[in-house]
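Enquirer: Pasting my_file28.cif below, which is mmCIF, C-alpha atoms.
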data_my_file
#
loop_
_atom_site.label_atom_id
_atom_site.label_comp_id
_atom_site.auth_asym_id
_atom_site.auth_seq_id
_atom_site.Cartn_x
_atom_site.Cartn_y
_atom_site.Cartn_z
CA MET I 1 8.48 55.20 28.29
CA MET I 2 4.94 54.47 29.29
CA ASP I 3 6.25 52.23 32.08
CA ALA I 4 7.31 55.32 33.99
CA PHE I 5 3.67 56.35 34.40
CA GLN I 6 2.52 52.94 35.63
CA PRO I 7 2.17 51.97 39.31
CA LYS I 8 5.25 50.27 40.81
CA ASP I 9 3.56 46.79 41.20
CA ALA I 10 2.37 46.88 37.65
CA ARG I 11 5.93 47.62 36.46
CA TYR I 12 7.20 44.55 38.34
CA MET I 13 4.47 42.40 36.80
CA ASN I 14 5.22 43.80 33.38
CA ALA I 15 8.90 43.01 33.82
CA GLY I 16 8.02 39.45 34.87
CA PHE I 17 5.79 39.05 31.87
CA ARG I 18 8.47 40.26 29.50
CA LEU I 19 10.86 37.67 30.92
CA ALA I 20 8.25 34.98 30.32
CA VAL I 21 7.28 36.11 26.81
CA PRO I 22 10.18 34.52 24.90
CA TRP I 23 9.56 31.20 26.66
CA VAL I 24 5.84 31.36 26.00
CA PHE I 25 6.31 32.29 22.36
CA ALA I 26 8.88 29.56 21.90
CA ALA I 27 6.53 26.99 23.43
CA LEU I 28 3.62 28.17 21.30
CA LEU I 29 5.72 28.24 18.17
CA MET I 30 7.09 24.76 18.75
CA ALA I 31 3.64 23.38 19.38
CA ALA I 32 2.34 25.09 16.27
CA LEU I 33 5.19 24.04 14.03
CA SER I 34 5.19 20.45 15.22
CA GLY I 35 1.68 20.11 13.84
CA CYS I 36 2.09 22.47 10.93
CA ALA I 37 1.31 19.74 8.46
CA GLY I 38 -0.17 20.11 4.99
CA PHE I 39 -2.30 17.44 3.41
CA ARG I 40 -2.73 19.09 0.02
CA GLU I 41 -1.48 16.19 -2.10
CA VAL I 42 -3.26 13.56 0.01
CA ARG I 43 -6.44 15.58 -0.52
CA THR I 44 -5.81 15.81 -4.28
CA PHE I 45 -5.08 12.09 -4.53
CA ALA I 46 -8.17 11.14 -2.53
CA SER I 47 -10.46 13.49 -4.42
CA LEU I 48 -9.20 12.30 -7.82
CA SER I 49 -9.49 8.66 -6.73
CA ALA I 50 -13.05 9.20 -5.49
CA SER I 51 -14.07 10.58 -8.89
CA ALA I 52 -12.22 7.99 -10.95
CA ALA I 53 -13.07 4.85 -8.94
CA SER I 54 -16.74 4.90 -9.80
CA HIS I 55 -17.33 3.85 -13.41
CA GLU I 56 -20.87 2.54 -13.51
CA ALA I 57 -20.92 2.53 -17.32
CA ILE I 58 -18.79 -0.59 -17.33
CA THR I 59 -21.37 -2.52 -15.29
CA ARG I 60 -24.25 -1.24 -17.41
CA ASP I 61 -22.37 -2.31 -20.52
CA TYR I 62 -21.66 -5.76 -19.05
CA ILE I 63 -25.40 -6.29 -18.62
CA GLY I 64 -26.40 -4.59 -21.89
CA ALA I 65 -24.02 -6.85 -23.82
CA LEU I 66 -26.61 -9.64 -23.84
CA ASP I 67 -29.17 -7.50 -25.69
CA ARG I 68 -26.53 -6.40 -28.22
CA ARG I 69 -25.58 -10.01 -28.93
CA LYS I 70 -29.10 -11.00 -29.90
CA GLN I 71 -28.64 -9.41 -33.31
CA TYR I 72 -25.69 -11.73 -34.00
CA GLN I 73 -27.41 -14.97 -32.96
CA PRO I 74 -30.45 -16.89 -34.25
CA GLU I 75 -33.62 -16.36 -32.22
CA LYS I 76 -33.47 -19.83 -30.68
CA PHE I 77 -30.58 -18.61 -28.49
CA HIS I 78 -32.31 -15.46 -27.27
CA GLY I 79 -33.98 -17.19 -24.32
CA ASN I 80 -30.55 -18.22 -22.96
CA LEU I 81 -29.27 -14.70 -23.39
CA ASP I 82 -32.26 -13.37 -21.41
CA VAL I 83 -31.55 -15.81 -18.58
CA LEU I 84 -27.90 -14.75 -18.55
CA LYS I 85 -28.94 -11.10 -18.52
CA MET I 86 -31.06 -11.74 -15.41
CA ARG I 87 -28.07 -13.35 -13.70
CA ARG I 88 -25.91 -10.33 -14.52
CA LYS I 89 -28.60 -7.95 -13.34
CA ALA I 90 -28.56 -9.78 -10.02
CA GLN I 91 -24.82 -9.03 -9.81
CA GLN I 92 -25.23 -5.33 -10.58
CA ALA I 93 -25.75 -4.14 -6.99
CA SER I 94 -22.66 -6.03 -5.79
CA LEU I 95 -20.55 -4.74 -8.67
CA ASP I 96 -21.68 -1.18 -7.99
CA VAL I 97 -20.92 -1.60 -4.29
CA LEU I 98 -17.35 -2.67 -5.09
CA GLN I 99 -16.75 0.54 -7.03
CA GLN I 100 -18.74 2.74 -4.68
CA THR I 101 -16.89 1.45 -1.63
CA VAL I 102 -13.56 2.50 -3.08
CA ALA I 103 -15.05 5.89 -4.00
CA ASP I 104 -16.58 6.30 -0.51
CA TYR I 105 -13.33 5.36 1.19
CA MET I 106 -11.44 7.94 -0.86
CA GLN I 107 -14.12 10.50 -0.12
CA GLY I 108 -13.62 9.81 3.59
CA LEU I 109 -9.86 10.17 3.28
CA GLY I 110 -10.30 13.37 1.27
CA ASN I 111 -12.62 14.81 3.91
CA LEU I 112 -10.05 14.10 6.60
CA ALA I 113 -7.31 15.68 4.51
CA SER I 114 -9.35 18.80 3.83
CA GLY I 115 -10.76 19.35 7.36
CA GLU I 116 -12.19 22.83 7.49
CA THR I 117 -10.23 25.11 9.82
CA ARG I 118 -11.85 28.42 9.02
CA THR I 119 -14.73 27.81 11.44
CA PHE I 120 -12.19 27.33 14.13
CA ASP I 121 -10.35 30.51 13.14
CA ARG I 122 -13.62 32.36 13.56
CA SER I 123 -14.07 30.89 17.02
CA LEU I 124 -10.78 32.46 17.94
CA GLY I 125 -11.87 35.74 16.41
CA ASN I 126 -12.75 37.16 19.79
CA LEU I 127 -9.32 36.44 21.09
CA SER I 128 -7.83 39.71 19.88
CA ALA I 129 -10.72 41.68 21.36
CA ASN I 130 -10.13 40.06 24.70
CA LEU I 131 -6.40 40.48 24.40
CA ASN I 132 -6.96 44.21 24.07
CA LYS I 133 -8.13 44.09 27.65
CA ALA I 134 -4.77 42.66 28.68
CA THR I 135 -3.36 46.04 29.52
CA LEU I 136 0.17 44.86 30.31
CA LEU I 137 0.82 43.69 26.76
CA ASP I 138 1.90 46.12 24.11
CA SER I 139 0.18 45.94 20.73
CA ASN I 140 2.90 43.84 19.07
CA GLU I 141 2.84 41.35 21.88
CA LYS I 142 -0.94 41.13 21.77
CA GLN I 143 -0.83 40.54 18.05
CA ALA I 144 1.83 37.88 18.47
CA VAL I 145 0.00 36.07 21.26
CA GLY I 146 -3.21 36.15 19.22
CA ALA I 147 -1.49 34.83 16.09
CA LEU I 148 0.37 32.10 17.92
CA SER I 149 -2.69 31.02 19.86
CA THR I 150 -4.54 30.61 16.58
CA LEU I 151 -1.60 28.65 15.18
CA LEU I 152 -1.45 26.45 18.24
CA ALA I 153 -5.14 25.66 18.10
CA ARG I 154 -4.85 24.95 14.38
CA ALA I 155 -1.93 22.67 15.09
CA ALA I 156 -4.12 20.75 17.51
CA THR I 157 -6.70 20.05 14.79
CA THR I 158 -3.92 19.20 12.36
CA VAL I 159 -2.39 16.72 14.78
CA TYR I 160 -5.80 15.16 15.28
CA ARG I 161 -6.50 14.86 11.53
CA GLN I 162 -3.02 13.51 10.94
CA HIS I 163 -3.62 10.83 13.57
CA GLU I 164 -6.99 9.90 12.06
CA MET I 165 -5.58 9.73 8.55
CA LYS I 166 -2.72 7.46 9.61
CA GLN I 167 -5.17 5.17 11.34
CA LEU I 168 -7.57 5.12 8.40
CA ILE I 169 -4.78 4.37 5.92
CA ARG I 170 -3.26 1.71 8.17
CA GLU I 171 -6.58 -0.09 8.65
CA GLY I 172 -8.02 0.66 5.23
CA ASN I 173 -5.14 -0.40 3.00
CA PRO I 174 -5.43 -4.22 3.23
CA PRO I 175 -9.18 -4.38 2.46
CA LEU I 176 -8.89 -1.54 -0.07
CA GLN I 177 -6.17 -3.41 -1.97
CA GLU I 178 -8.29 -6.56 -1.83
CA VAL I 179 -11.41 -4.82 -3.16
CA ILE I 180 -9.42 -3.17 -5.95
CA ARG I 181 -7.83 -6.53 -6.79
CA ALA I 182 -11.31 -8.11 -7.00
CA THR I 183 -12.64 -5.27 -9.18
CA ARG I 184 -9.62 -5.50 -11.49
CA LYS I 185 -10.02 -9.25 -11.74
CA ILE I 186 -13.66 -8.87 -12.72
CA THR I 187 -12.76 -6.17 -15.24
CA LYS I 188 -9.81 -7.93 -16.86
CA ASN I 189 -10.67 -11.61 -16.57
CA GLY I 190 -14.42 -11.29 -16.82
CA ILE I 191 -15.63 -8.19 -18.66
CA ILE I 192 -12.77 -7.79 -21.12
CA ALA I 193 -12.59 -11.54 -21.80
CA ASP I 194 -16.34 -11.52 -22.42
CA LEU I 195 -16.01 -8.59 -24.83
CA GLN I 196 -13.37 -10.57 -26.73
CA GLY I 197 -16.00 -13.30 -27.04
CA GLU I 198 -18.39 -10.67 -28.44
CA SER I 199 -15.82 -9.78 -31.10
CA ALA I 200 -15.65 -13.46 -32.07
CA LEU I 201 -19.45 -13.54 -32.29
CA ILE I 202 -19.50 -10.51 -34.60
CA ARG I 203 -16.80 -11.97 -36.87
CA ARG I 204 -18.70 -15.25 -37.08
CA TYR I 205 -21.90 -13.40 -38.01
CA TYR I 206 -20.31 -11.48 -40.89
CA ASP I 207 -18.25 -14.50 -41.99
CA ASN I 208 -21.53 -16.38 -42.36
CA PHE I 209 -22.92 -13.59 -44.45
CA MET I 210 -19.84 -13.41 -46.70
CA PHE I 211 -18.57 -17.02 -46.87
CA ALA I 212 -21.40 -19.45 -46.09
CA PRO I 213 -21.73 -22.16 -48.77
CA GLY I 214 -24.39 -21.22 -51.29
CA ASN I 215 -24.37 -17.47 -50.49
CA PRO I 216 -23.90 -15.47 -53.71
CA ALA I 217 -20.61 -13.51 -53.76
CA GLU I 218 -22.06 -10.05 -54.40
CA PRO I 219 -19.14 -7.54 -54.45
CA VAL I 220 -21.25 -4.59 -53.24
CA ALA I 221 -22.89 -6.65 -50.49
CA MET I 222 -19.46 -7.97 -49.49
CA THR I 223 -18.05 -4.44 -49.24
CA LEU I 224 -21.02 -3.29 -47.15
CA ALA I 225 -20.71 -6.34 -44.90
CA LYS I 226 -17.00 -5.67 -44.38
CA GLU I 227 -17.73 -2.04 -43.47
CA ALA I 228 -20.49 -3.05 -41.05
CA GLU I 229 -18.22 -5.67 -39.49
CA ALA I 230 -15.40 -3.14 -39.05
CA GLU I 231 -17.82 -0.68 -37.40
CA ALA I 232 -19.25 -3.30 -35.05
CA LEU I 233 -15.78 -4.57 -34.12
CA GLY I 234 -14.64 -0.97 -33.61
CA ARG I 235 -17.43 -0.41 -31.09
CA VAL I 236 -16.40 -3.51 -29.14
CA ASP I 237 -12.74 -2.40 -29.28
CA ASP I 238 -13.78 0.96 -27.79
CA ARG I 239 -15.49 -0.90 -24.95
CA ILE I 240 -12.40 -3.02 -24.39
CA ARG I 241 -10.20 0.10 -24.36
CA SER I 242 -12.54 1.75 -21.87
CA ALA I 243 -12.38 -1.31 -19.59
CA LEU I 244 -8.57 -1.39 -19.92
CA SER I 245 -8.41 2.31 -19.01
CA TYR I 246 -10.58 1.69 -15.97
CA ASP I 247 -8.27 -1.13 -14.97
CA ALA I 248 -5.31 1.27 -15.31
CA VAL I 249 -7.13 3.82 -13.10
CA LEU I 250 -7.67 1.17 -10.41
CA ASP I 251 -4.03 0.15 -10.67
CA ARG I 252 -2.91 3.78 -10.09
CA ILE I 253 -5.29 4.19 -7.13
CA ALA I 254 -3.94 1.00 -5.56
CA ALA I 255 -0.33 2.10 -6.13
CA GLY I 256 -0.91 5.57 -4.68
CA HIS I 257 -2.66 4.24 -1.62
CA GLN I 258 0.00 1.59 -1.10
CA TYR I 259 2.58 4.39 -1.15
CA LEU I 260 0.57 6.29 1.47
CA TYR I 261 0.35 3.12 3.55
CA ASP I 262 4.08 2.40 3.30
CA ASN I 263 4.87 5.99 4.29
CA ARG I 264 1.95 6.70 6.59
CA ASN I 265 4.24 7.97 9.35
CA GLU I 266 5.36 10.77 7.02
CA ILE I 267 1.84 12.01 6.37
CA GLY I 268 1.77 15.78 6.68
CA SER I 269 5.41 16.21 5.68
CA ASP I 270 6.52 18.13 2.61
CA ALA I 271 8.64 15.17 1.52
CA LEU I 272 5.62 12.87 1.36
CA ASP I 273 3.65 15.52 -0.51
CA ARG I 274 6.45 15.77 -3.08
CA GLN I 275 6.82 12.02 -3.46
CA LEU I 276 3.08 11.49 -3.82
CA ARG I 277 2.90 13.83 -6.81
CA PRO I 278 4.10 11.29 -9.43
CA TYR I 279 1.36 8.92 -8.24
CA ILE I 280 -1.19 11.69 -8.62
CA ASP I 281 0.12 12.58 -12.09
CA ALA I 282 -0.09 8.93 -13.16
CA LEU I 283 -3.64 8.62 -11.80
CA ARG I 284 -4.69 11.88 -13.46
CA ALA I 285 -3.31 10.70 -16.83
CA ALA I 286 -5.10 7.33 -16.52
CA TYR I 287 -8.37 9.03 -15.55
CA ARG I 288 -8.09 11.47 -18.46
CA ASP I 289 -7.54 8.51 -20.77
CA LEU I 290 -10.62 6.76 -19.32
CA LEU I 291 -12.73 9.88 -19.87
CA ASP I 292 -11.44 10.23 -23.44
CA VAL I 293 -12.11 6.60 -24.34
CA SER I 294 -15.51 6.48 -22.66
CA ARG I 295 -16.79 9.60 -24.40
CA MET O 1 -11.70 -32.56 -5.66
CA ASP O 2 -10.44 -29.03 -4.97
CA LYS O 3 -12.90 -26.18 -4.73
CA PHE O 4 -13.75 -24.61 -8.09
CA THR O 5 -12.28 -21.10 -7.86
CA SER O 6 -13.02 -17.94 -9.81
CA ASP O 7 -9.65 -18.34 -11.56
CA ASP O 8 -10.69 -21.82 -12.67
CA ALA O 9 -13.98 -20.44 -14.00
CA PHE O 10 -12.30 -17.56 -15.84
CA GLU O 11 -9.77 -19.95 -17.34
CA LEU O 12 -12.50 -22.35 -18.39
CA GLY O 13 -14.39 -19.45 -19.99
CA ASN O 14 -11.25 -18.54 -21.95
CA GLN O 15 -10.90 -22.15 -23.08
CA PHE O 16 -14.48 -22.20 -24.37
CA ARG O 17 -14.09 -18.86 -26.09
CA ASP O 18 -10.76 -19.74 -27.72
CA THR O 19 -12.07 -23.09 -28.86
CA ALA O 20 -15.06 -21.38 -30.48
CA ILE O 21 -12.69 -18.98 -32.25
CA ALA O 22 -10.46 -21.86 -33.41
CA LEU O 23 -13.51 -23.73 -34.72
CA GLY O 24 -14.61 -20.63 -36.62
CA ASP O 25 -11.16 -20.29 -38.19
CA TRP O 26 -11.26 -23.94 -39.22
CA ARG O 27 -14.76 -23.48 -40.68
CA ILE O 28 -13.64 -20.56 -42.85
CA LYS O 29 -10.48 -22.35 -43.98
CA ASN O 30 -12.41 -25.48 -44.93
CA ARG O 31 -15.57 -23.86 -46.27
CA ILE O 32 -15.16 -25.34 -49.75
CA ARG O 33 -15.33 -28.85 -48.31
CA LEU O 34 -18.36 -28.14 -46.11
CA SER O 35 -22.02 -28.53 -47.02
CA ARG O 36 -24.41 -25.79 -45.94
CA SER O 37 -25.86 -28.01 -43.19
CA GLN O 38 -22.37 -28.89 -41.87
CA TRP O 39 -21.48 -25.20 -41.93
CA ASP O 40 -24.65 -24.31 -40.01
CA GLU O 41 -24.15 -27.11 -37.51
CA LEU O 42 -20.65 -25.96 -36.74
CA ASP O 43 -21.83 -22.39 -36.55
CA ASP O 44 -24.44 -23.49 -34.02
CA ARG O 45 -21.76 -25.14 -31.87
CA GLU O 46 -19.63 -22.01 -31.96
CA ILE O 47 -22.49 -19.86 -30.73
CA LYS O 48 -23.16 -22.33 -27.92
CA LEU O 49 -19.48 -22.29 -26.94
CA LEU O 50 -19.32 -18.50 -26.96
CA ASN O 51 -22.49 -18.32 -24.85
CA ALA O 52 -21.07 -20.97 -22.52
CA ALA O 53 -17.95 -18.80 -22.15
CA SER O 54 -20.16 -15.81 -21.26
CA ASN O 55 -21.96 -18.00 -18.73
CA LEU O 56 -18.66 -19.03 -17.18
CA TYR O 57 -17.41 -15.44 -16.96
CA THR O 58 -20.66 -14.55 -15.21
CA SER O 59 -20.22 -17.49 -12.79
CA ALA O 60 -16.59 -16.53 -12.18
CA ILE O 61 -17.67 -12.99 -11.34
CA ASP O 62 -20.18 -14.48 -8.88
CA LEU O 63 -17.30 -16.36 -7.24
CA VAL O 64 -15.13 -13.21 -7.06
CA LEU O 65 -18.01 -11.32 -5.48
CA GLU O 66 -18.55 -14.14 -3.02
CA ASP O 67 -14.82 -14.27 -2.15
CA SER O 68 -14.60 -10.54 -1.63
CA ARG O 69 -17.65 -10.30 0.62
CA GLY O 70 -15.55 -10.53 3.82
CA THR O 71 -12.98 -7.93 2.81
CA LEU O 72 -15.72 -5.73 1.45
CA ALA O 73 -17.41 -5.68 4.85
CA CYS O 74 -14.06 -4.83 6.42
CA LEU O 75 -13.48 -1.91 4.03
CA GLN O 76 -17.01 -0.66 4.50
CA SER O 77 -16.30 -0.52 8.21
CA SER O 78 -13.17 1.55 7.49
CA VAL O 79 -15.27 3.85 5.34
CA LYS O 80 -17.73 4.18 8.19
CA ASN O 81 -14.86 4.99 10.55
CA ALA O 82 -13.64 7.66 8.16
CA LYS O 83 -17.08 9.25 8.11
CA SER O 84 -17.33 9.15 11.89
CA ALA O 85 -13.81 10.59 12.16
CA VAL O 86 -14.92 13.55 10.09
CA HIS O 87 -17.92 13.87 12.37
CA ARG O 88 -15.65 13.84 15.39
CA ILE O 89 -13.59 16.63 13.87
CA ALA O 90 -16.72 18.76 13.81
CA ILE O 91 -17.25 18.03 17.49
CA PHE O 92 -13.62 18.79 18.16
CA LYS O 93 -14.07 22.23 16.66
CA GLU O 94 -16.71 22.83 19.26
CA ALA O 95 -14.30 21.53 21.85
CA LEU O 96 -11.78 23.97 20.47
CA ASP O 97 -14.17 26.79 21.21
CA LEU O 98 -13.76 25.71 24.78
CA ALA O 99 -10.00 25.52 24.31
CA SER O 100 -9.98 29.03 22.87
CA ALA O 101 -11.91 30.17 25.92
CA LEU O 102 -9.15 28.67 27.97
CA ILE O 103 -6.62 30.63 25.93
CA LEU O 104 -8.66 33.73 26.59
CA CYS O 105 -8.50 32.91 30.26
CA ALA O 106 -4.78 32.43 29.90
CA GLY O 107 -4.61 35.78 28.12
CA ALA O 108 -6.44 37.33 30.98
CA VAL O 109 -4.17 35.63 33.40
CA THR O 110 -1.10 36.91 31.61
CA SER O 111 -2.15 40.41 32.42
CA GLY O 112 -1.96 39.69 36.11
CA ASN O 113 -0.36 36.29 36.62
CA VAL O 114 2.49 35.50 34.28
CA ALA O 115 3.29 32.21 36.04
CA ALA O 116 -0.05 30.79 34.89
CA ILE O 117 0.79 30.91 31.18
CA PRO O 118 2.84 27.69 30.96
CA ALA O 119 0.14 25.82 32.87
CA ALA O 120 -2.52 27.12 30.48
CA ILE O 121 -0.48 25.95 27.50
CA VAL O 122 0.04 22.55 29.06
CA ALA O 123 -3.69 22.34 29.71
CA LEU O 124 -4.43 23.12 26.09
CA GLU O 125 -1.94 20.57 24.84
CA ASP O 126 -3.43 18.02 27.21
CA ALA O 127 -6.92 18.77 25.90
CA ALA O 128 -5.76 18.20 22.31
CA ALA O 129 -3.96 15.00 23.27
CA ALA O 130 -7.04 13.77 25.12
CA ILE O 131 -9.20 14.25 22.03
CA VAL O 132 -6.64 12.42 19.90
CA ASP O 133 -6.52 9.62 22.46
CA SER O 134 -10.29 9.38 22.65
CA GLY O 135 -10.34 9.27 18.84
CA ALA O 136 -7.82 6.42 18.97
CA SER O 137 -9.67 4.44 21.61
CA GLY O 138 -13.06 5.08 20.05
CA ALA O 139 -11.93 3.91 16.56
#
Render the structure in this file as structure tokens.
Expert:
Amino acid sequence: MMDAFQPKDARYMNAGFRLAVPWVFAALLMAALSGCAGFREVRTFASLSASAASHEAITRDYIGALDRRKQYQPEKFHGNLDVLKMRRKAQQASLDVLQQTVADYMQGLGNLASGETRTFDRSLGNLSANLNKATLLDSNEKQAVGALSTLLARAATTVYRQHEMKQLIREGNPPLQEVIRATRKITKNGIIADLQGESALIRRYYDNFMFAPGNPAEPVAMTLAKEAEAEALGRVDDRIRSALSYDAVLDRIAAGHQYLYDNRNEIGSDALDRQLRPYIDALRAAYRDLLDVSR
Amino acid sequence: MDKFTSDDAFELGNQFRDTAIALGDWRIKNRIRLSRSQWDELDDREIKLLNAASNLYTSAIDLVLEDSRGTLACLQSSVKNAKSAVHRIAIFKEALDLASALILCAGAVTSGNVAAIPAAIVALEDAAAAIVDSGASGA
């Protein structure tokens, strides 16, 4: 109705615009939808991995073990234990770097997955004000152009982040798997095996007390020794359980990242998000177990 | 002789540890036949074996750390790339301010020049693709 009051040229232009609008909207919508990816589960996985990968207590315990063991060995061996402790202290920085590198990598992946888009939305905030000056658009059209322009620009950031994530996962997976393999090897074959040696040391100590030739068989003393032995062995078992839980956490991180690597071309799709969830659930359960055991 | 690997060292540590445990079991089983000095001597050997096992585990961990140094450097570089990628996203947002200005221009154009809209969209898509490409070539 308002068209009737507009100059003739303006009416022609308006008619031309209206012919173009469906095409423009379709193009904007396609561009927006093609990059309308969500990285929610990738973000969750990365954030959980970053928190769980760093378990400095295990390294501290590996070094502190030598001081603990002094009480179960005659003093003549303490010098050797001190030397060994110095060697382990020299390894501490490298061991921490192994863990921290995995945590940093996951932090980087998480940051990519959670790229802030609100700042960008604000930068488009003036768009609607400027669109109001476009007198040949009615209010619905202005609103639609504004909304789709925002979507399109968001899609551009999404496409960019998606590209960066694929590249990071493609390049990061081989060394990440290698670093996790090395950390797991140290945990299982070194730290846990060494703790099993500590259990043997504790048993030997209390066996000496209870069974050494010439030691009087005092029932009360025997009972107390057995209780003390059980407590000491229980503490070592807790440490072994904690190390095993950490190993399980690393295993879940490796599995989840391998899945992302194998399906990196699907990053941003709902299907990948859905299929990543079981990996996240498994990691969350392992991390919860680690926190429970390490308490 | 082949290079002594971390697996060899871990395995050797296990052998020492398990031997110490086996000796301890034997000592307990045969305690009636052992004098105090024999008992103590064997006990001494067990401690030495267990400490030797701990030494070997520590050496094996050294070897693992040494082996992983190359891959660690590679991963650290990926981590660095991730951080710089996040940094580039921040710059891209600034670039998007420019892109949004272009959209504003396009909006202005639409009011008087409908034919310019597709070109403005293509320009925006090109700008986004260029940033992605520069991210790819810069990585």
Enquirer: Rounded to one decimal, what separation in Å do you get between atom CA of O:Leu63 and atom CA of O:Asp7?
Expert: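 Result for atom CA of O:Leu63 versus atom CA of O:Asp7: 9.0 Å, one decimal.
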Enquirer: Running the PyMOL selection byres ((chain I and resi 65) around 10) on this model by hand, what would come out? Give it as a count of residues only.
Expert: 18
Enquirer: Just checking: using all atoms listed in the file, which residue out of I:Ser49, I:Gln275, I:Ser269, I:Thr157 ends up closest to chain O?
Expert: I:Thr157
Enquirer: Could you check which of I:Gln100, I:Asn265, I:Thr44, I:Asn208 is closest to I:Glu164, using only C-alpha atoms?
Expert: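 Going through I:Gln100, I:Asn265, I:Thr44, I:Asn208 one by one, the smallest distance to I:Glu164 is for I:Asn265.
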Enquirer: In the coordinates of the file, take the point (-19.0, -3.7, -4.9) and a cut-off of 9 Å; then, counting only C-alpha atoms, name each qualifying protein, DNA or RNA residue as a list in words.
Expert: Gln92, Ala93, Ser94, Leu95, Asp96, Val97, Leu98, Gln99, Gln100, Thr101, Val102, Val179 and Thr183 of chain I; Leu65, Ser68, Arg69 and Leu72 of chain O
Enquirer: From the set I:Arg43, I:Lys188, I:Arg204, I:His55, which residue has the shortest atom-to-atom contact distance to chain O, counting all atoms listed in the file?
Expert: I:Arg204
Enquirer: Expanded to explicit residues, what is the PyMOL selection byres ((chain O and resi 43-56) around 9) for this file, as a PyMOL selection string?
Expert: (chain I and resi 73-74+77+80-81+84+190+193-194+197-198+200-201+204+208) or (chain O and resi 9-21+23-24+27+38-42+57-61)
Enquirer: What is the atom CA of I:Arg277 to atom CA of I:Pro175 distance in Å?
Expert: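 Going from atom CA of I:Arg277 over to atom CA of I:Pro175 covers 23.7 Å.
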Enquirer: Rank O:Ala22, O:Lys29, O:Val64, O:Ser6 by their smallest atom-to-atom distance to chain I, using only C-alpha atoms, and report the top residue only.
Expert: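 That would be O:Val64, the residue with the smallest distance to chain I.
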Enquirer: List the residues selected by the PyMOL selection byres ((chain I and resi 268) around 10) in the file shown, writing them as a PyMOL selection string.
Expert: chain I and resi 35-42+113+158-159+161-162+165-166+264-267+269-273
Enquirer: Given all atoms listed in the file as the basis, pick out the residue of I:Tyr287, I:Tyr259, I:Tyr246, I:Phe211 nearest to I:Ala57.
Expert: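 Under the stated criterion, the closest residue is I:Tyr246.
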Enquirer: Go ahead and fit an axis-aligned box to every listed atom of stretch 35-47 of chain O plus 5 Å each side, and pass me the centre and edge lengths in Å, one decimal, as AutoDock Vina command-line options.
Expert:
--center_x -22.7 --center_y -24.4 --center_z -38.9 --size_x 16.2 --size_y 19.0 --size_z 26.3
